[in-house]
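Working notes, beginning with the structure itself.
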Amino acid sequence: MTKWVYSFGSGKAEGQADMRNLLGGKGANLAEMGNIGLPVPPGFTVTTEVCTHYYANERNYPSDLTDQVEAALAKLEAESDMKFGDPANPLLVSVRSGARASMPGMMDTVLNLGLNDATAEGLATKSGDARFAYDSYRRFIQMYSNVVLDMDHHLFEDQLEIKKEEKGVYLDTDLDADDLKALVTDYLSIVQTELGKGFPQDPKEQLWGAIGAVFNSWMTHRAVVYRKLNKIPEEWGTAVNIQAMVFGNMGDDCATGVAFTRDPSTGENIFYGEYLVNAQGEDVVAGIRTPQHLTIAGKEAHGSKLPAMEEVMPEVFNQLADVRIILEKHYADMQDIEFTVQQGKLYMLQTRAGKRTAHAAIKIACDMVDEELIDTKTAVSRIEPQSLDQILHPRLDPDAPRNIISKGLPASPGAASGMVVFTADEAEARALEGQKMMLVRIETSPEDIHGMHAAQGILTTRGGMTSHAAVVARGMGRPCVAGAGDINVDYKSGVFSVRGTEVKAGDWITIDGSTGDIILGEVPTVQPELSGDFGRVMEWADSIRRLKVRANAETPEDARTAANFGAQGIGLCRTEHMFFEGERIVAMREMILAEDEDGRRAALAKILPMQRADFIELFKIMKGLPVTVRLLDPPLHEFLPREQNEFEQVAAQVGVSVDKLKHRASQLHEFNPMLGHRGCRLLNTYPEICEMQARAILEAAIEVQQETGEAPQCEIMVPLVGIQKELELMRAVIDRVGEEVASEKGVKPNYVVGTMIELPRAALRAGQIAEEAAFFSFGTNDLTQTTYGLSRDDAAGFLGSYEQRGILKADPFATLDQEGVGELIEIASERGRATRPDIKLGICGEHGGDPASIQFCEEVGLEYVSCSPFRVPIARLAAAQAVINKG
C-alpha cells in the first residue's frame with residue numbers, strides 16, 4: 001500500500017529534510033525541525049505524489065487517501081488533546097501548500113480551518129476571549145471563501161472597512177468582540193447572497209475543500225508563470241501540510257513574524273525580520289499593517305518609532321535568536337523562518353533556504369566559507385548563475401542630480417528607471433513593445449507576477465521588507481521599493497501623488513532599491529565594480545570548471561567588457577556587423593551593385609582597411625587569446641534599402657539610378673532568406689569576399705604580432721556549411737591568401753579554419769567535414785531553427801501555448817533541446833572526433849549563456865561555450881556547477 005500521508009510533531013516525525021521531493025520543502029523541513037527538537041505544532045503532510053495522481057486521474061484522489069488522512073487527523077487530535085469539530089474543545093488547523101522548490105505566495109493557504117458557528121462559540125468560551133474567537137472566524141470565512149469558494153476577497157475587505165468607518169477606528173485590532181461577531185454575520189450573508197447557499201459548517205467538508213484548493217492552485221496562472229520563470233517542472237507537484245493552529249492573535253502576549261537568519265538583501269550576518277503583535281501570519285506578508293522590526297538595531301537603522309520585538313518580548317526574542325543559530329548550523333545555509341508566539345510561547349511554522357539577492361548570495365557564501373560552515377565547492381553551488389544579472393549591470397550614477405520625491409523601504413537592491421504603469425497587464429503589454437515600465441501598486445499580489453517580471457522595477461505603498469513584492473522582486477532580481485506610505489495611488493485616474501507632486505501613468509520615475517529613494521525622471525547609471533567577494537567566487541568557480549568561456553563580440557566595447565568579465569577569448573565575431581556604418585555600408589552597396597568581378601573587387605578594396613583596423617583592435621584587446629571570426633553570413637539584400645525615400649538616398653550615395661537599385665534589390669529578394677543565398681553559399685559564389693576578409697584578418701594578426709610580440713590565435717569560421725566541398729573550396733581560398741600574406745609580410749600568420757555547425761546535414765556528415773575543419777562551433781540558434789523547421793522570429797507567437805499545453809517543456813531558443821538538437825550535437829562531436837581526434841568543439845549560440853544548456857555542453861565534453869559579454873560570469877559559474885552536478 002502506498003503511504004500518502006506522513007505525520008510530524010511531539011519531537012518526532014515520519015519524515016526528514018532529505019525527503020523534500022516527496023514531502024515538499026515545507027513538509028520536509030517541518031519534520032526536520034521536529035526531529036531536532038524545535039517547537040513545531042503537530043500535523044501531517046499529504047505527499048506530492050497525491051498531486052501527481054490527482055492531475056493524472058482527472059482530479060481524483062487515490063482510493064485509500066481518505067482513510068490515511070482520517071488516521072493522521074486522529075493522531076493529531078490525540079497529540080494536541082483537542083477534537084476536530086468539537087464545540088467544547090475545537091481543534092483548528094492550517095492547510096498550506098509546499099512544493100519541493102520554494103514558490104512564495106504562489107499557491108493557496110487556509111488558516112483557522114474547523115471554525116463554524118458552534119466551534120467559534122466554543123473557542124470563545126474555552127479561551128475566555130470572544131474577540132479572539134470571532135477575529136479568527138471572520139478571517140477564516142474570508143480566506144476560505146476566496147481560496148476554496150472562489151469569491152472576490154474585496155467583498156469582505158470592503159465590509160471590514162465599512163465596519164471600521166462605522167466605529168471610527170483605523171486598525172482591525174480596534175474592533176471589539178461584538179464588532180467582529182457582527183462582521184461574521186455580515187460575511188456569512190455575503191456568501192449566501194453571492195453563492196445562493198450557506199458557508200460550509202461541516203469541518204470535514206472544509207478540510208477536503210481546502211486540500212483540493214491547494215492542489216488546484218498548482219495550476220493557477222500565477223503558479224504556472226512562476227514555475228516557467230524559475231524553471232520548476234510541472235510534474236513535481238505540491239504537497240499539502242495540515243497543522244494544528246497556534247494563534248498570534250489572542251492578545252498582546254501573542255505575535256507572528258517572518259525572519260531571515262541573515263540580511264537577504266546585503267548578506268550581512270545580522271538577524272533580519274519583522275513581526276506584528278496580536279496578528280496572524282498573513283498580516284505580515286500582505287502588508288495590511290505596518291510591521292515592526294525584530295531587533296533594536298533594525299528598528300534604528302530604518303528610523304522606525306515602533307518598538308522592536310527585542311524590547312517588547314525579550315525572553316521570546318532570545319529563544320528565537322537561539323533558534324536562528326541552531327537552524328543555520330544545522331542547514332549550513334541562510335534560512336527564511338516563520339514563527340508564531342501564542343501567549344508567550346514560541347512556535348516554529350516554517351524554515352527554508354531564504355531567497356536572496358545575488359549580492360547577498362555571494363557574501364553569504366564567502367562568509368560561510370570563512371566561518372567553516374561550508375567548503376568552496378558548496379559555496380559555488382549555492383549561487384544561482386542567472387542571478388548574477390543583478391550585479392553585472394549598471395547602478396545609479398552617484399554624481400547625477402536626483403529629484404527625490406519620496407522614500408520607502410529598500411526591499412530589493414539595484415536601480416531602474418521606467419514609465420509608470422499601475423497594472424501588471426499593462427506592464428506586460430508595454431514590455432512586449434520594447435518599452436521600459438515601472439510597476440506602481442498599493443500592494444502586489446501573486447496575480448501580479450507576470451507584470452512584476454515584465455517591469456524594470458516595482459514600487460508599492462504598502463508592505464514591509466518581507467512583503468510579497470519584496471520577496472518576489474528579490475527572487476527575480478528586480479529593484480523594489482516597498483512601503484512608501486506617503487504616496488497616494490489613484491488607480492482610477494492613473495495618477496500617484498506625494499506632497500504636492502503628481503505623477504501620471506507614462507511619466508518616468510527611477511527607484512533605487514538599495515536606498516529606498518523614489519526619483520522623478522530618469523537617472524543615468526554607471527558600471528558596477530566586480531571585485532572582493534565576487535572575485536573570490538569567480539576564482540573558486542574557475543578552479544572547478546573544465547569548460548572554457550568565451551564571448552560573442554565584434555565591437556571593441558563588447559570585447560573589453562568580455563575581457564573584464566573574464567572571457568577566455570572571442571567565440572563568435574560576426575563580421576557583417578562591421579559593414580553597416582558610414583562609409584562601410586556605402587562600399588558594401590557598391591560591391592553588391594557592381595556588374596562584374598572587377599567592380600566587386602574595387603569596392604571590397606575600400607572595405608579591406610576598415611576590416612583590418614577592426615581586427616587589429618580586437619586582437620589587441622584579447623592579448624593572444626583565441627578569436628573566432630565568422631566570415632560574412634547574411635544574404636546581400638539585407639544591405640539594401642526597403643523604403644522609397646531610402647532608395648533615393650542610397651542611389652545618390654552610390655551614384656546609380658533609383659531604378660537600377662530597385663532592380664538589384666528585386667533580383668536579390670528571397671522568399672526564405674534564412675535558408676537562401678547566404679553564408680558559405682554566398683562566399684562560394686563570390687570568393688573575392690572571402691579573399692578580402694581573410695586578408696584583413698591575417699594582415700591584422702601579423703601587424704599585432706609584430707607590434708606586441710605575441711601572435712593572435714585566429715580561428716576563421718566559414719558559416720552555413722552543409723557539404724564538405726563547400727568548406728574545402730573556401731579553405732583553399734583562405735590558405736592561398738595566407739601564403740600570399742606570409743610572402744608579402746615575411747611572417748607566417750597563425751590561424752586555423754573551421755566551420756559553424758548549424759544545419760542537420762552538417763551534423764550528420766561531420767566526419768567528412770572534419771577532414772577540412774580544425775574546429776566546429778555549434779551555432780545553436782540556426783541549428784534549432786533548421787532542426788525544428790521553426791523561424792525564431794515567427795515562432796514566438798505560438799511557442800507559449802506549446803509550453804502551456806505540454807508539447808514543449810521550454811522555449812528551445814532559450815534552453816537547448818537536448819533530445820533533438822542535442823542529439824545532433826552529440827553525433828557531430830562523435831563523428832568529428834573520429835576523423836580528427838584533436839578537433840576543437842564549442843558552442844556559440846544564445847544557449848552558450850544558459851546554465852541548463854551549459855550542463856549539457858559539459859556532459860557532451862565540448863571545449864568551450866561562447867555567450868554575450870554580460871553573461872560571461874554567469875557561464876563561468878554555470879560551468880563550475882556543471883562539473884559539481886556531474887559528481
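Every chain in the C-alpha cells has a letter given in the order shown (A, B, ...), and although residue numbers restart at 1 in each chain, ligands are simply numbered from 1 in the order shown.
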If we count only C-alpha atoms, what is near A:Lys377 at a cut-off of 9 Å, once residues fewer than 2 positions away on the same chain are taken out, given as number ranges by chain? A: 374-375, 379-382, 540-541, 544, 880-881, 884
Generate the output file for the selected residues, N, CA and C atoms, as a PDB file, in the first residue's frame.
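And here's part05.pdb as it stands now:
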ATOM      1  N   ILE A 374      30.787  25.795   5.369  1.00  0.00           N
ATOM      2  CA  ILE A 374      30.738  25.114   4.076  1.00  0.00           C
ATOM      3  C   ILE A 374      32.109  25.203   3.411  1.00  0.00           C
ATOM      4  N   ASP A 375      32.307  24.353   2.372  1.00  0.00           N
ATOM      5  CA  ASP A 375      33.558  24.429   1.612  1.00  0.00           C
ATOM      6  C   ASP A 375      33.333  25.256   0.348  1.00  0.00           C
ATOM      7  N   ALA A 379      29.967  26.514  -1.706  1.00  0.00           N
ATOM      8  CA  ALA A 379      29.730  27.951  -1.903  1.00  0.00           C
ATOM      9  C   ALA A 379      29.406  28.250  -3.352  1.00  0.00           C
ATOM     10  N   VAL A 380      30.148  27.671  -4.267  1.00  0.00           N
ATOM     11  CA  VAL A 380      29.901  27.890  -5.696  1.00  0.00           C
ATOM     12  C   VAL A 380      28.527  27.344  -6.095  1.00  0.00           C
ATOM     13  N   SER A 381      28.154  26.191  -5.560  1.00  0.00           N
ATOM     14  CA  SER A 381      26.872  25.573  -5.930  1.00  0.00           C
ATOM     15  C   SER A 381      25.675  26.324  -5.373  1.00  0.00           C
ATOM     16  N   ARG A 382      25.890  27.159  -4.350  1.00  0.00           N
ATOM     17  CA  ARG A 382      24.788  27.875  -3.705  1.00  0.00           C
ATOM     18  C   ARG A 382      24.299  29.093  -4.496  1.00  0.00           C
ATOM     19  N   TRP A 540      37.022  30.599  -7.325  1.00  0.00           N
ATOM     20  CA  TRP A 540      36.629  29.236  -6.939  1.00  0.00           C
ATOM     21  C   TRP A 540      35.984  28.519  -8.117  1.00  0.00           C
ATOM     22  N   ALA A 541      35.085  29.218  -8.828  1.00  0.00           N
ATOM     23  CA  ALA A 541      34.403  28.611  -9.974  1.00  0.00           C
ATOM     24  C   ALA A 541      35.412  28.229 -11.050  1.00  0.00           C
ATOM     25  N   ILE A 544      37.237  25.049 -10.532  1.00  0.00           N
ATOM     26  CA  ILE A 544      36.422  23.833 -10.618  1.00  0.00           C
ATOM     27  C   ILE A 544      36.050  23.499 -12.059  1.00  0.00           C
ATOM     28  N   ALA A 880      31.151  25.705 -13.711  1.00  0.00           N
ATOM     29  CA  ALA A 880      31.648  25.073 -12.480  1.00  0.00           C
ATOM     30  C   ALA A 880      30.567  24.192 -11.864  1.00  0.00           C
ATOM     31  N   GLN A 881      29.337  24.699 -11.825  1.00  0.00           N
ATOM     32  CA  GLN A 881      28.246  23.903 -11.261  1.00  0.00           C
ATOM     33  C   GLN A 881      27.977  22.651 -12.098  1.00  0.00           C
ATOM     34  N   ILE A 884      30.281  20.122 -10.783  1.00  0.00           N
ATOM     35  CA  ILE A 884      29.807  19.673  -9.459  1.00  0.00           C
ATOM     36  C   ILE A 884      28.622  18.725  -9.620  1.00  0.00           C
TER      37      ILE A 884
END
Long-range neighbours of A:Phe534 as number ranges by chain, 9 Å cut-off, only C-alpha atoms, 6 positions minimum in chain: A: 359, 362-363, 366
Would you mind exporting the chosen residues as an mmCIF file, in the first residue's frame, restricted to N, CA and C atoms?
data_model
loop_
_atom_site.group_PDB
_atom_site.id
_atom_site.type_symbol
_atom_site.label_atom_id
_atom_site.label_comp_id
_atom_site.auth_asym_id
_atom_site.auth_seq_id
_atom_site.Cartn_x
_atom_site.Cartn_y
_atom_site.Cartn_z
ATOM 1 N N HIS A 359 23.957 39.710 -4.709
ATOM 2 C CA HIS A 359 24.982 40.303 -3.838
ATOM 3 C C HIS A 359 25.007 39.584 -2.493
ATOM 4 N N ILE A 362 26.414 35.948 -2.732
ATOM 5 C CA ILE A 362 27.873 35.899 -2.823
ATOM 6 C C ILE A 362 28.501 36.161 -1.455
ATOM 7 N N LYS A 363 28.006 37.165 -0.756
ATOM 8 C CA LYS A 363 28.569 37.483 0.558
ATOM 9 C C LYS A 363 28.334 36.340 1.545
ATOM 10 N N CYS A 366 30.682 33.448 0.795
ATOM 11 C CA CYS A 366 32.057 33.721 1.226
ATOM 12 C C CYS A 366 32.179 33.716 2.744
#
Produce a table with one row for each residue of stretch 452-563 of chain A that has an atom at most 12 Å from any atom of stretch 428-432 of chain A, each row naming the nearest atom pair and its distance in Å at one decimal; use only C-alpha atoms; arrange rows by chain and rising residue number; format as JSON lines.
{"residue": "A:Met452", "atom": "CA", "partner": "A:Glu428", "partner_atom": "CA", "distance": 8.3}
{"residue": "A:His453", "atom": "CA", "partner": "A:Glu428", "partner_atom": "CA", "distance": 8.0}
{"residue": "A:Ala454", "atom": "CA", "partner": "A:Glu428", "partner_atom": "CA", "distance": 5.1}
{"residue": "A:Ala455", "atom": "CA", "partner": "A:Ala431", "partner_atom": "CA", "distance": 7.1}
{"residue": "A:Gln456", "atom": "CA", "partner": "A:Ala431", "partner_atom": "CA", "distance": 9.1}
{"residue": "A:Gly506", "atom": "CA", "partner": "A:Arg430", "partner_atom": "CA", "distance": 10.6}
Write out the residues from the selection above, keeping N, CA and C atoms, as a compact mmCIF listing (two decimals), in the first residue's frame.
# COMPACT_ATOMS: atom_id res chain seq x y z
N MET A 452 5.25 41.97 -12.74
CA MET A 452 6.47 42.21 -11.97
C MET A 452 7.69 41.75 -12.78
N HIS A 453 7.53 40.64 -13.48
CA HIS A 453 8.63 40.13 -14.29
C HIS A 453 8.89 41.03 -15.49
N ALA A 454 7.82 41.58 -16.05
CA ALA A 454 7.97 42.42 -17.24
C ALA A 454 8.55 43.80 -16.91
N ALA A 455 8.30 44.28 -15.70
CA ALA A 455 8.69 45.64 -15.32
C ALA A 455 10.18 45.73 -15.03
N GLN A 456 10.71 46.95 -15.12
CA GLN A 456 12.10 47.20 -14.75
C GLN A 456 12.26 47.20 -13.23
N GLY A 506 2.69 56.84 -17.52
CA GLY A 506 3.51 57.24 -18.66
C GLY A 506 4.66 58.16 -18.30
If we count only C-alpha atoms and set the cut-off at 8 Å, which residues sit around A:Pro712, ignoring sequence neighbours fewer than 2 positions away in its own chain? Please answer as a list of chain:residue names.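 Answer for this query is A:Phe619, A:Lys623, A:Gly624, A:Leu625, A:Pro626, A:Val627, A:Ala701, A:Val704, A:Gln705, A:Glu710, A:Cys714, A:Asn750.
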So that I can check the surroundings of A:Leu195, please list as a ChimeraX atom specification every protein, DNA and RNA residue that reaches within 12 Å of it, counting only C-alpha atoms and ignoring chain neighbours fewer than 3 positions away. /A:145,149-152,188-192,198-200
Residue subset to file, keeping C-alpha atoms, as a PDB file, in the first residue's frame:
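Once written, again_27.pdb looks like this:
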ATOM      1  CA  SER A 145     -14.385  31.926   0.601  1.00  0.00           C
ATOM      2  CA  LEU A 149     -15.222  29.079  -2.952  1.00  0.00           C
ATOM      3  CA  ASP A 150     -13.534  31.396  -5.481  1.00  0.00           C
ATOM      4  CA  MET A 151     -15.128  34.597  -4.178  1.00  0.00           C
ATOM      5  CA  ASP A 152     -13.542  38.036  -4.518  1.00  0.00           C
ATOM      6  CA  LEU A 188     -21.951  34.778   6.151  1.00  0.00           C
ATOM      7  CA  SER A 189     -24.646  36.849   4.456  1.00  0.00           C
ATOM      8  CA  ILE A 190     -22.249  37.823   1.674  1.00  0.00           C
ATOM      9  CA  VAL A 191     -21.540  34.133   0.990  1.00  0.00           C
ATOM     10  CA  GLN A 192     -25.254  33.307   0.956  1.00  0.00           C
ATOM     11  CA  GLY A 198     -24.590  28.997   3.041  1.00  0.00           C
ATOM     12  CA  PHE A 199     -20.969  28.858   4.154  1.00  0.00           C
ATOM     13  CA  PRO A 200     -19.992  25.196   4.837  1.00  0.00           C
TER      14      PRO A 200
END
Counting only C-alpha atoms, the residue of A:Val440, A:Ala124, A:Leu409, A:Val312 that sits nearest A:Met250: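 Closest residue, counting only C-alpha atoms: A:Ala124.
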Could you please write out, as a count of residues only, every residue of stretch 300-372 of chain A that DSSP assigns to alpha helix (DSSP H)? 37
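Distance-wise, atom CA of A:Asp253 and atom CA of A:Gln342 end up 7.0 Å apart.
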Show me, as a ChimeraX atom specification, the residues that have an atom within 12 Å of A:Ile141 when counting only C-alpha atoms, minus same-chain residues fewer than 3 positions from it. /A:110-117,120,134-138,144-151,153,155-157,183-192,198-201,206
Any idea what's packed within 8 Å of A:Ala213, counting only C-alpha atoms, ignoring anything in its chain fewer than 3 positions away? Could you give it as a list in words?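 Those residues are Asp108, Val147, Val148, Gly209, Ala210, Asn216 and Ser217 of chain A.
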Would you output that residue set with C-alpha atoms, as an mmCIF file, in the first residue's frame?
data_model
loop_
_atom_site.group_PDB
_atom_site.id
_atom_site.type_symbol
_atom_site.label_atom_id
_atom_site.label_comp_id
_atom_site.auth_asym_id
_atom_site.auth_seq_id
_atom_site.Cartn_x
_atom_site.Cartn_y
_atom_site.Cartn_z
ATOM 1 C CA ASP A 108 -3.066 28.864 -1.605
ATOM 2 C CA VAL A 147 -9.399 30.321 -1.805
ATOM 3 C CA VAL A 148 -11.932 27.487 -1.902
ATOM 4 C CA GLY A 209 -12.300 21.692 0.206
ATOM 5 C CA ALA A 210 -9.033 23.273 1.344
ATOM 6 C CA ASN A 216 -5.819 23.183 -7.750
ATOM 7 C CA SER A 217 -3.628 26.194 -7.022
#
As number ranges by chain, please: the residues near A:Ala177 (cut-off 9 Å, only C-alpha atoms, same-chain neighbours under 6 positions excluded). A: 129-135
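When only C-alpha atoms are used to measure the gap to A:Glu597, the shortest distance among A:Glu688, A:Asp533, A:Asp517, A:Asp811 belongs to A:Glu688.
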Please produce, as a Markdown table, a per-residue contact table for stretch 513-591 of chain A versus stretch 461-468 of chain A (criterion: any atom at most 12 Å away, only C-alpha atoms considered), showing the nearest atom pair and its distance in Å to one decimal, sorted by chain then residue number.
| residue | atom | partner | partner_atom | distance |
| --- | --- | --- | --- | --- |
| A:Gly513 | CA | A:Met465 | CA | 11.1 |
| A:Ser514 | CA | A:Met465 | CA | 11.9 |
| A:Gly516 | CA | A:Met465 | CA | 11.0 |
| A:Ile518 | CA | A:Thr461 | CA | 11.4 |
I need the chosen residues saved as a PDB file, in the first residue's frame, with all heavy atoms.
ATOM      1  N   GLY A 513      16.501  50.555  -5.282  1.00  0.00           N
ATOM      2  CA  GLY A 513      16.120  49.512  -4.332  1.00  0.00           C
ATOM      3  C   GLY A 513      17.121  49.285  -3.229  1.00  0.00           C
ATOM      4  O   GLY A 513      16.871  48.521  -2.304  1.00  0.00           O
ATOM      5  N   SER A 514      18.267  49.941  -3.313  1.00  0.00           N
ATOM      6  CA  SER A 514      19.273  49.814  -2.254  1.00  0.00           C
ATOM      7  C   SER A 514      19.118  50.888  -1.177  1.00  0.00           C
ATOM      8  O   SER A 514      19.586  50.715  -0.056  1.00  0.00           O
ATOM      9  CB  SER A 514      20.681  49.906  -2.853  1.00  0.00           C
ATOM     10  OG  SER A 514      20.880  48.900  -3.817  1.00  0.00           O
ATOM     11  N   GLY A 516      15.935  52.946  -1.126  1.00  0.00           N
ATOM     12  CA  GLY A 516      14.520  53.253  -0.960  1.00  0.00           C
ATOM     13  C   GLY A 516      14.101  54.558  -1.619  1.00  0.00           C
ATOM     14  O   GLY A 516      12.934  54.946  -1.548  1.00  0.00           O
ATOM     15  N   ILE A 518      12.818  57.278  -4.244  1.00  0.00           N
ATOM     16  CA  ILE A 518      11.923  57.341  -5.396  1.00  0.00           C
ATOM     17  C   ILE A 518      12.191  58.693  -6.065  1.00  0.00           C
ATOM     18  O   ILE A 518      12.066  59.742  -5.421  1.00  0.00           O
ATOM     19  CB  ILE A 518      10.456  57.216  -4.976  1.00  0.00           C
ATOM     20  CG1 ILE A 518      10.240  55.881  -4.229  1.00  0.00           C
ATOM     21  CG2 ILE A 518       9.533  57.297  -6.180  1.00  0.00           C
ATOM     22  CD1 ILE A 518       9.084  55.898  -3.280  1.00  0.00           C
TER      23      ILE A 518
END
Using only C-alpha atoms, the residue out of A:Val503, A:Cys254, A:Ala78, A:Val40 with shortest distance to A:Gln280 is A:Cys254
From the list A:Ser853, A:Thr784, A:Ser743, A:Ser791, the nearest residue to A:Val821 using only C-alpha atoms is A:Thr784
Between atom CA of A:Leu123 and atom CA of A:Tyr275 - distance in Å to one decimal: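 Separating atom CA of A:Tyr275 from atom CA of A:Leu123 is a distance of 24.9 Å.
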Those of stretch 315-346 of chain A in DSSP strand (DSSP E or B), formatted as a VMD selection string: chain A and resid 335 to 342 345 to 346
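In this structure, atom CA of A:Asp850 sits 16.2 Å away from atom CA of A:Ile825.
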For A:Glu691, which residue out of A:Arg601, A:Arg664, A:Lys620, A:Arg536 is the nearest one, using only C-alpha atoms? A:Arg601
Restricting the calculation to only C-alpha atoms, which member of A:Val341, A:Leu790, A:Ala484, A:Ala651 is positioned closest to A:Ser497?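 Once distances to A:Ser497 are computed over only C-alpha atoms, the minimum belongs to A:Ala484.
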